[in-house]
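Data from work08.txt: compact mmCIF, C-alpha atoms and all ligand atoms
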```txt
# COMPACT_ATOMS: atom_id res chain seq x y z
CA MET A 139 18.73 -24.33 72.92
CA LEU A 140 15.55 -23.82 70.99
CA TRP A 141 15.57 -20.28 69.78
CA ILE A 142 12.65 -18.64 68.04
CA ASP A 143 13.40 -15.76 65.74
CA LEU A 144 10.56 -13.42 66.72
CA THR A 145 10.79 -11.36 63.54
CA ARG A 146 9.32 -14.36 61.73
CA ALA A 147 6.04 -13.39 63.45
CA ASP A 148 6.15 -9.86 62.05
CA THR A 149 3.94 -10.61 59.07
CA GLU A 150 1.78 -13.46 60.34
CA PRO A 151 1.45 -15.48 63.57
CA LEU A 152 4.19 -18.03 64.01
CA ALA A 153 3.25 -21.44 65.41
CA PHE A 154 5.81 -23.51 67.31
CA SER A 155 5.95 -26.94 68.87
CA GLU A 156 9.14 -28.14 70.52
CA ARG A 157 10.35 -30.75 72.97
CA PRO A 158 13.10 -29.18 75.04
CA VAL A 159 15.24 -31.41 77.21
CA LEU A 160 15.41 -29.82 80.66
CA THR A 161 17.92 -30.58 83.36
CA PRO A 162 16.37 -31.73 86.67
CA HIS A 163 17.87 -28.91 88.74
CA SER A 164 15.88 -26.40 86.68
CA GLY A 165 12.86 -27.29 88.83
CA GLY A 166 14.55 -27.15 92.23
CA GLU A 167 16.45 -29.53 94.48
CA ASP A 168 13.49 -31.90 95.02
CA VAL A 169 13.32 -32.68 91.31
CA VAL A 170 14.94 -36.00 90.47
CA SER A 171 14.28 -35.97 86.73
CA VAL A 172 12.17 -34.24 84.11
CA ALA A 173 10.84 -35.91 80.98
CA GLY A 174 8.52 -35.50 78.05
CA VAL A 175 8.43 -31.72 78.13
CA GLU A 176 6.47 -30.17 75.29
CA ILE A 177 6.02 -26.50 74.62
CA GLU A 178 3.70 -25.34 71.88
CA GLY A 179 1.74 -22.31 70.88
CA ARG A 180 2.09 -19.26 68.71
CA VAL A 181 3.68 -15.86 68.67
CA GLU A 182 2.10 -12.81 67.13
CA ARG A 183 2.97 -9.18 66.80
CA ALA A 184 1.45 -7.03 69.58
CA GLY A 185 2.20 -3.36 70.10
CA GLU A 186 5.92 -2.72 70.46
CA GLY A 187 6.65 -6.40 70.89
CA TYR A 188 5.01 -9.79 70.69
CA LEU A 189 2.45 -11.91 72.47
CA LEU A 190 3.15 -15.59 73.06
CA GLU A 191 0.24 -17.89 73.86
CA GLY A 192 0.47 -21.61 74.28
CA ARG A 193 1.04 -24.32 76.78
CA VAL A 194 3.81 -26.32 78.31
CA LYS A 195 3.47 -29.80 79.74
CA GLY A 196 5.61 -32.62 80.95
CA ALA A 197 6.31 -34.97 83.81
CA ALA A 198 8.78 -34.86 86.64
CA ARG A 199 9.95 -37.27 89.27
CA LEU A 200 10.01 -35.57 92.67
CA ARG A 201 11.31 -36.50 96.08
CA CYS A 202 8.77 -36.37 98.89
CA GLY A 203 9.73 -33.87 101.58
CA ARG A 204 8.51 -36.18 104.35
CA CYS A 205 9.34 -39.77 103.45
CA LEU A 206 12.03 -39.05 100.83
CA SER A 207 10.55 -41.56 98.39
CA GLU A 208 10.16 -40.58 94.74
CA PHE A 209 6.86 -40.01 93.00
CA ASP A 210 5.60 -38.80 89.65
CA PHE A 211 4.23 -35.35 89.09
CA SER A 212 2.80 -34.22 85.79
CA PHE A 213 2.15 -30.65 84.84
CA ALA A 214 0.30 -28.81 82.09
CA GLU A 215 0.27 -25.04 82.21
CA ARG A 216 -1.12 -22.38 79.97
CA LEU A 217 1.35 -19.79 78.80
CA GLU A 218 0.72 -16.15 78.12
CA LEU A 219 3.84 -14.13 77.81
CA HIS A 220 4.26 -10.55 76.69
CA LEU A 221 7.53 -9.98 74.93
CA LEU A 222 8.84 -6.45 74.78
CA PRO A 223 12.12 -4.97 73.58
CA SER A 224 14.42 -3.84 76.41
CA SER A 225 14.08 -0.32 75.02
CA ALA A 226 10.45 -0.44 76.25
CA LEU A 227 11.54 -1.21 79.84
CA PRO A 228 9.40 1.02 82.02
CA GLN A 229 11.50 3.70 83.69
CA GLU A 230 8.87 5.23 85.91
CA GLU A 231 7.23 3.54 88.86
CA GLU A 232 3.79 4.32 87.45
CA LYS A 233 4.35 2.24 84.34
CA ARG A 234 5.81 -0.59 86.36
CA LEU A 235 2.65 -0.80 88.45
CA GLU A 236 0.49 -0.69 85.36
CA MET A 237 2.19 -3.81 84.06
CA GLY A 238 1.39 -5.43 87.39
CA ASP A 239 0.79 -9.14 87.14
CA LEU A 240 1.40 -9.42 83.42
CA GLU A 241 4.11 -11.87 82.62
CA VAL A 242 6.53 -9.72 80.68
CA HIS A 243 9.77 -10.84 79.18
CA PHE A 244 12.18 -8.21 77.87
CA TYR A 245 14.59 -8.98 75.05
CA ASP A 246 17.65 -7.27 73.60
CA GLU A 247 17.50 -9.25 70.38
CA PRO A 248 14.12 -10.26 68.89
CA LYS A 249 14.53 -13.92 69.74
CA LEU A 250 13.36 -16.23 72.48
CA ASP A 251 14.77 -19.38 74.03
CA LEU A 252 11.89 -21.85 74.39
CA ALA A 253 13.92 -24.08 76.70
CA GLU A 254 14.30 -21.13 79.05
CA VAL A 255 10.56 -20.36 78.94
CA ALA A 256 9.76 -24.01 79.70
CA THR A 257 12.30 -24.01 82.55
CA GLU A 258 10.72 -20.93 84.11
CA GLN A 259 7.26 -22.44 83.89
CA LEU A 260 8.48 -25.67 85.42
CA ALA A 261 9.97 -23.78 88.36
CA LEU A 262 6.70 -21.87 88.84
CA THR A 263 4.52 -24.95 88.77
CA MET A 264 6.62 -27.05 91.17
CA PRO A 265 5.15 -27.46 94.63
CA MET A 266 7.14 -25.60 97.29
CA LYS A 267 7.30 -28.71 99.43
CA PRO A 268 6.54 -31.81 97.36
CA LEU A 269 4.58 -34.53 99.14
CA CYS A 270 3.88 -38.00 97.74
CA ALA A 271 0.44 -37.69 99.39
CA GLU A 272 -1.19 -35.24 101.79
CA THR A 273 -1.46 -38.14 104.21
CA CYS A 274 2.20 -39.16 103.90
CA ARG A 275 3.33 -40.48 107.31
CA GLY A 276 6.98 -39.67 106.75
CA ILE A 277 9.85 -41.62 108.22
CA CYS A 278 10.43 -42.78 111.78
CA PRO A 279 12.80 -40.30 113.44
CA ARG A 280 14.53 -43.16 115.26
CA CYS A 281 15.03 -45.98 112.75
CA GLY A 282 14.39 -44.10 109.49
CA ALA A 283 11.76 -46.60 108.28
CA ASN A 284 9.20 -45.36 105.77
CA LEU A 285 6.02 -45.38 107.88
CA ASN A 286 3.81 -45.47 104.77
CA LEU A 287 4.89 -49.09 104.37
CA GLY A 288 3.62 -49.96 107.85
CA PRO A 289 4.67 -49.36 111.43
CA CYS A 290 8.32 -49.86 112.26
CA SER A 291 9.52 -52.05 115.10
CA CYS A 292 10.47 -49.19 117.40
CA PRO A 293 8.83 -49.55 120.85
CA GLU A 294 5.78 -47.34 121.19
CA THR A 295 6.91 -45.16 124.04
CA SER A 296 6.01 -41.54 124.41
CA ASP A 297 8.48 -39.13 122.92
CA ASP A 298 10.82 -37.95 125.67
CA ARG A 299 11.19 -34.54 124.09
CA TRP A 300 7.60 -33.74 125.07
CA ALA A 301 7.84 -34.97 128.67
CA PRO A 302 8.63 -31.55 130.16
CA LEU A 303 5.46 -30.21 128.56
CA LEU A 304 3.31 -32.92 130.10
CA ASP A 305 4.56 -31.97 133.57
CA TRP A 306 3.95 -28.33 133.01
CA ARG A 307 1.30 -26.73 135.21
CA PRO A 308 0.31 -23.08 135.31
CA ALA A 309 1.65 -21.34 138.39
CA ASP A 310 -0.95 -20.27 140.93
ZN ZN B 1 5.97 -39.14 101.31
ZN ZN B 2 11.22 -46.67 114.00
```
Starting from the file, give its structure as structure tokens.
Amino acid sequence: MLWIDLTRADTEPLAFSERPVLTPHSGGEDVVSVAGVEIEGRVERAGEGYLLEGRVKGAARLRCGRCLSEFDFSFAERLELHLLPSSALPQEEEKRLEMGDLEVHFYDEPKLDLAEVATEQLALTMPMKPLCAETCRGICPRCGANLNLGPCSCPETSDDRWAPLLDWRPAD
């Protein structure tokens, strides 16, 4: 774990640059591996808490949701995180709404786990359904061949499951 002691930013901005090692499952079940993650930026005192600005980048190997082959995915995201003590947790609905879209992280102790921040960003940046390409042809439902590599040897007959639809006629 890569903890930052936030109080070190009390007097002047604190710069950081770390390379956390993330486990693949931190990005979801389609993530095969994650490598070369870097998180860097600076923390400064802001109001009751701190403001973290920086960026996180890295590369992941994902599994395509259609053809199940693996492909590389690189990411580079800007970070802006507001860090507030838990004592500042908004109690009233009004305050909650005010904070709206701000990315706020509440802490009990004035410290922050950079590996956790990187993990959260990774999860946010992952595609919901990873595809090796928009045009991925997927796999043949009969023989399981990867159709991106060329047509399989299955006979080109019409899919029986659709036959009832072809016979369908509106009733008079
Ligand atoms: Zn694919
Ligand atoms: Zn086939």
(message) Residues proximal to (-1.8, -9.1, 68.8) were defined as those with any atom within 12 Å of that point in the file's coordinates, counting all atoms listed in the file. Which are they, as a count of residues only?
(response) 22
(request) Residues within 10 Å of ligand ZN 2 (chain B) should be enumerated using only C-alpha atoms and all ligand atoms and returned as a ChimeraX atom specification. (result) /A:277-285,289-294
If you count all atoms listed in the file, which residues fall within 10 Å of Leu217 in chain A, apart from same-chain ones fewer than 5 positions away, as a PDB file with C-alpha atoms, in the frame of the given file?
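Output file around_38.pdb follows:
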```
ATOM      1  CA  ILE A 177       6.020 -26.500  74.620  1.00  0.00           C
ATOM      2  CA  GLU A 178       3.700 -25.340  71.880  1.00  0.00           C
ATOM      3  CA  GLY A 179       1.740 -22.310  70.880  1.00  0.00           C
ATOM      4  CA  LEU A 190       3.150 -15.590  73.060  1.00  0.00           C
ATOM      5  CA  GLU A 191       0.240 -17.890  73.860  1.00  0.00           C
ATOM      6  CA  GLY A 192       0.470 -21.610  74.280  1.00  0.00           C
ATOM      7  CA  ARG A 193       1.040 -24.320  76.780  1.00  0.00           C
ATOM      8  CA  VAL A 194       3.810 -26.320  78.310  1.00  0.00           C
ATOM      9  CA  GLU A 241       4.110 -11.870  82.620  1.00  0.00           C
ATOM     10  CA  VAL A 255      10.560 -20.360  78.940  1.00  0.00           C
ATOM     11  CA  ALA A 256       9.760 -24.010  79.700  1.00  0.00           C
ATOM     12  CA  GLN A 259       7.260 -22.440  83.890  1.00  0.00           C
TER      13      GLN A 259
END
```
Residues up to 8 Å from ligand ZN 1 (chain B), counting all atoms listed in the file: could you list those as a PDB file with C-alpha atoms, in the frame of the given file?
```
ATOM      1  CA  ARG A 201      11.310 -36.500  96.080  1.00  0.00           C
ATOM      2  CA  CYS A 202       8.770 -36.370  98.890  1.00  0.00           C
ATOM      3  CA  GLY A 203       9.730 -33.870 101.580  1.00  0.00           C
ATOM      4  CA  ARG A 204       8.510 -36.180 104.350  1.00  0.00           C
ATOM      5  CA  CYS A 205       9.340 -39.770 103.450  1.00  0.00           C
ATOM      6  CA  LEU A 206      12.030 -39.050 100.830  1.00  0.00           C
ATOM      7  CA  SER A 207      10.550 -41.560  98.390  1.00  0.00           C
ATOM      8  CA  GLU A 208      10.160 -40.580  94.740  1.00  0.00           C
ATOM      9  CA  LEU A 269       4.580 -34.530  99.140  1.00  0.00           C
ATOM     10  CA  CYS A 270       3.880 -38.000  97.740  1.00  0.00           C
ATOM     11  CA  ALA A 271       0.440 -37.690  99.390  1.00  0.00           C
ATOM     12  CA  CYS A 274       2.200 -39.160 103.900  1.00  0.00           C
ATOM     13  CA  ARG A 275       3.330 -40.480 107.310  1.00  0.00           C
ATOM     14  CA  GLY A 276       6.980 -39.670 106.750  1.00  0.00           C
ATOM     15  CA  ASN A 286       3.810 -45.470 104.770  1.00  0.00           C
TER      16      ASN A 286
END
```
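With all atoms listed in the file as the basis for measurement, A:Ala261 is the residue among A:Ala226, A:His243, A:Ala261, A:Leu250 that approaches Val172 in chain A most closely.
For the set A:Ser224, A:Gln229, A:Leu260, A:Glu215, the residue with the smallest atom-to-atom gap to Tyr245 in chain A is A:Ser224, counting only C-alpha atoms.
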(request) Identify which of the residues A:Thr257, A:Ser212, A:Ser225, A:Thr273 lies closest to Leu200 in chain A, counting only C-alpha atoms when measuring atom-to-atom distances. (result)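 That would be A:Ser212, the residue with the smallest distance to Leu200 in chain A.
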(request) Give me, please, the distance in Å between CA of Lys195 in chain A and CA of Ser155 in chain A, quoted to one decimal. (result)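 Result for CA of Lys195 in chain A versus CA of Ser155 in chain A: 11.5 Å, one decimal.
Among the candidates A:Ala253, A:Leu262, A:Leu222, A:Val159, the residue lying nearest to Gly174 in chain A is A:Val159 (atoms considered: all atoms listed in the file).
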May I ask you to restore N, CA and C atoms in range 238-272 of chain A and write the result as an mmCIF file, keeping the file's coordinate frame?
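Result file is selection.cif:
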```
data_model
loop_
_atom_site.group_PDB
_atom_site.id
_atom_site.type_symbol
_atom_site.label_atom_id
_atom_site.label_comp_id
_atom_site.auth_asym_id
_atom_site.auth_seq_id
_atom_site.Cartn_x
_atom_site.Cartn_y
_atom_site.Cartn_z
ATOM 1 N N GLY A 238 1.838 -4.551 86.316
ATOM 2 C CA GLY A 238 1.390 -5.430 87.390
ATOM 3 C C GLY A 238 1.706 -6.896 87.240
ATOM 4 N N ASP A 239 0.649 -7.687 87.128
ATOM 5 C CA ASP A 239 0.790 -9.140 87.140
ATOM 6 C C ASP A 239 1.113 -9.727 85.763
ATOM 7 N N LEU A 240 1.104 -8.901 84.751
ATOM 8 C CA LEU A 240 1.400 -9.420 83.420
ATOM 9 C C LEU A 240 2.759 -10.089 83.424
ATOM 10 N N GLU A 241 2.823 -11.221 82.746
ATOM 11 C CA GLU A 241 4.110 -11.870 82.620
ATOM 12 C C GLU A 241 4.832 -11.247 81.440
ATOM 13 N N VAL A 242 5.818 -10.426 81.736
ATOM 14 C CA VAL A 242 6.530 -9.720 80.680
ATOM 15 C C VAL A 242 7.970 -10.201 80.617
ATOM 16 N N HIS A 243 8.410 -10.395 79.417
ATOM 17 C CA HIS A 243 9.770 -10.840 79.180
ATOM 18 C C HIS A 243 10.427 -9.809 78.260
ATOM 19 N N PHE A 244 11.529 -9.229 78.687
ATOM 20 C CA PHE A 244 12.180 -8.210 77.870
ATOM 21 C C PHE A 244 13.346 -8.829 77.098
ATOM 22 N N TYR A 245 13.519 -8.420 75.878
ATOM 23 C CA TYR A 245 14.590 -8.980 75.050
ATOM 24 C C TYR A 245 15.448 -7.872 74.440
ATOM 25 N N ASP A 246 16.734 -8.192 74.285
ATOM 26 C CA ASP A 246 17.650 -7.270 73.600
ATOM 27 C C ASP A 246 17.580 -7.534 72.101
ATOM 28 N N GLU A 247 17.615 -8.829 71.773
ATOM 29 C CA GLU A 247 17.500 -9.250 70.380
ATOM 30 C C GLU A 247 16.115 -9.873 70.225
ATOM 31 N N PRO A 248 15.461 -9.685 69.063
ATOM 32 C CA PRO A 248 14.120 -10.260 68.890
ATOM 33 C C PRO A 248 14.138 -11.767 68.730
ATOM 34 N N LYS A 249 14.564 -12.462 69.774
ATOM 35 C CA LYS A 249 14.530 -13.920 69.740
ATOM 36 C C LYS A 249 14.249 -14.431 71.143
ATOM 37 N N LEU A 250 13.801 -15.673 71.205
ATOM 38 C CA LEU A 250 13.360 -16.230 72.480
ATOM 39 C C LEU A 250 13.818 -17.670 72.601
ATOM 40 N N ASP A 251 14.313 -18.025 73.766
ATOM 41 C CA ASP A 251 14.770 -19.380 74.030
ATOM 42 C C ASP A 251 13.624 -20.179 74.661
ATOM 43 N N LEU A 252 13.044 -21.088 73.887
ATOM 44 C CA LEU A 252 11.890 -21.850 74.390
ATOM 45 C C LEU A 252 12.256 -22.761 75.560
ATOM 46 N N ALA A 253 13.494 -23.233 75.586
ATOM 47 C CA ALA A 253 13.920 -24.080 76.700
ATOM 48 C C ALA A 253 13.903 -23.260 77.993
ATOM 49 N N GLU A 254 14.276 -21.992 77.878
ATOM 50 C CA GLU A 254 14.300 -21.130 79.050
ATOM 51 C C GLU A 254 12.864 -20.845 79.537
ATOM 52 N N VAL A 255 11.957 -20.599 78.579
ATOM 53 C CA VAL A 255 10.560 -20.360 78.940
ATOM 54 C C VAL A 255 9.986 -21.596 79.647
ATOM 55 N N ALA A 256 10.266 -22.772 79.105
ATOM 56 C CA ALA A 256 9.760 -24.010 79.700
ATOM 57 C C ALA A 256 10.346 -24.206 81.097
ATOM 58 N N THR A 257 11.636 -23.880 81.252
ATOM 59 C CA THR A 257 12.300 -24.010 82.550
ATOM 60 C C THR A 257 11.650 -23.099 83.591
ATOM 61 N N GLU A 258 11.360 -21.866 83.183
ATOM 62 C CA GLU A 258 10.720 -20.930 84.110
ATOM 63 C C GLU A 258 9.355 -21.429 84.539
ATOM 64 N N GLN A 259 8.590 -21.942 83.573
ATOM 65 C CA GLN A 259 7.260 -22.440 83.890
ATOM 66 C C GLN A 259 7.332 -23.633 84.830
ATOM 67 N N LEU A 260 8.299 -24.499 84.567
ATOM 68 C CA LEU A 260 8.480 -25.670 85.420
ATOM 69 C C LEU A 260 8.753 -25.239 86.855
ATOM 70 N N ALA A 261 9.637 -24.258 87.020
ATOM 71 C CA ALA A 261 9.970 -23.780 88.360
ATOM 72 C C ALA A 261 8.750 -23.173 89.044
ATOM 73 N N LEU A 262 7.890 -22.508 88.265
ATOM 74 C CA LEU A 262 6.700 -21.870 88.840
ATOM 75 C C LEU A 262 5.658 -22.895 89.273
ATOM 76 N N THR A 263 5.575 -23.985 88.527
ATOM 77 C CA THR A 263 4.520 -24.950 88.770
ATOM 78 C C THR A 263 4.890 -25.993 89.833
ATOM 79 N N MET A 264 6.189 -26.077 90.157
ATOM 80 C CA MET A 264 6.620 -27.050 91.170
ATOM 81 C C MET A 264 6.067 -26.720 92.541
ATOM 82 N N PRO A 265 5.588 -27.737 93.266
ATOM 83 C CA PRO A 265 5.150 -27.460 94.630
ATOM 84 C C PRO A 265 6.324 -27.021 95.495
ATOM 85 N N MET A 266 6.077 -26.093 96.423
ATOM 86 C CA MET A 266 7.140 -25.600 97.290
ATOM 87 C C MET A 266 7.734 -26.743 98.111
ATOM 88 N N LYS A 267 6.829 -27.558 98.665
ATOM 89 C CA LYS A 267 7.300 -28.710 99.430
ATOM 90 C C LYS A 267 6.572 -29.938 98.889
ATOM 91 N N PRO A 268 7.216 -30.675 97.981
ATOM 92 C CA PRO A 268 6.540 -31.810 97.360
ATOM 93 C C PRO A 268 6.208 -32.897 98.371
ATOM 94 N N LEU A 269 4.986 -33.423 98.285
ATOM 95 C CA LEU A 269 4.580 -34.530 99.140
ATOM 96 C C LEU A 269 4.023 -35.637 98.250
ATOM 97 N N CYS A 270 4.374 -36.888 98.550
ATOM 98 C CA CYS A 270 3.880 -38.000 97.740
ATOM 99 C C CYS A 270 2.374 -38.125 97.936
ATOM 100 N N ALA A 271 1.878 -37.711 99.108
ATOM 101 C CA ALA A 271 0.440 -37.690 99.390
ATOM 102 C C ALA A 271 0.246 -36.778 100.590
ATOM 103 N N GLU A 272 -0.899 -36.115 100.652
ATOM 104 C CA GLU A 272 -1.190 -35.240 101.790
ATOM 105 C C GLU A 272 -1.080 -36.015 103.099
#
```
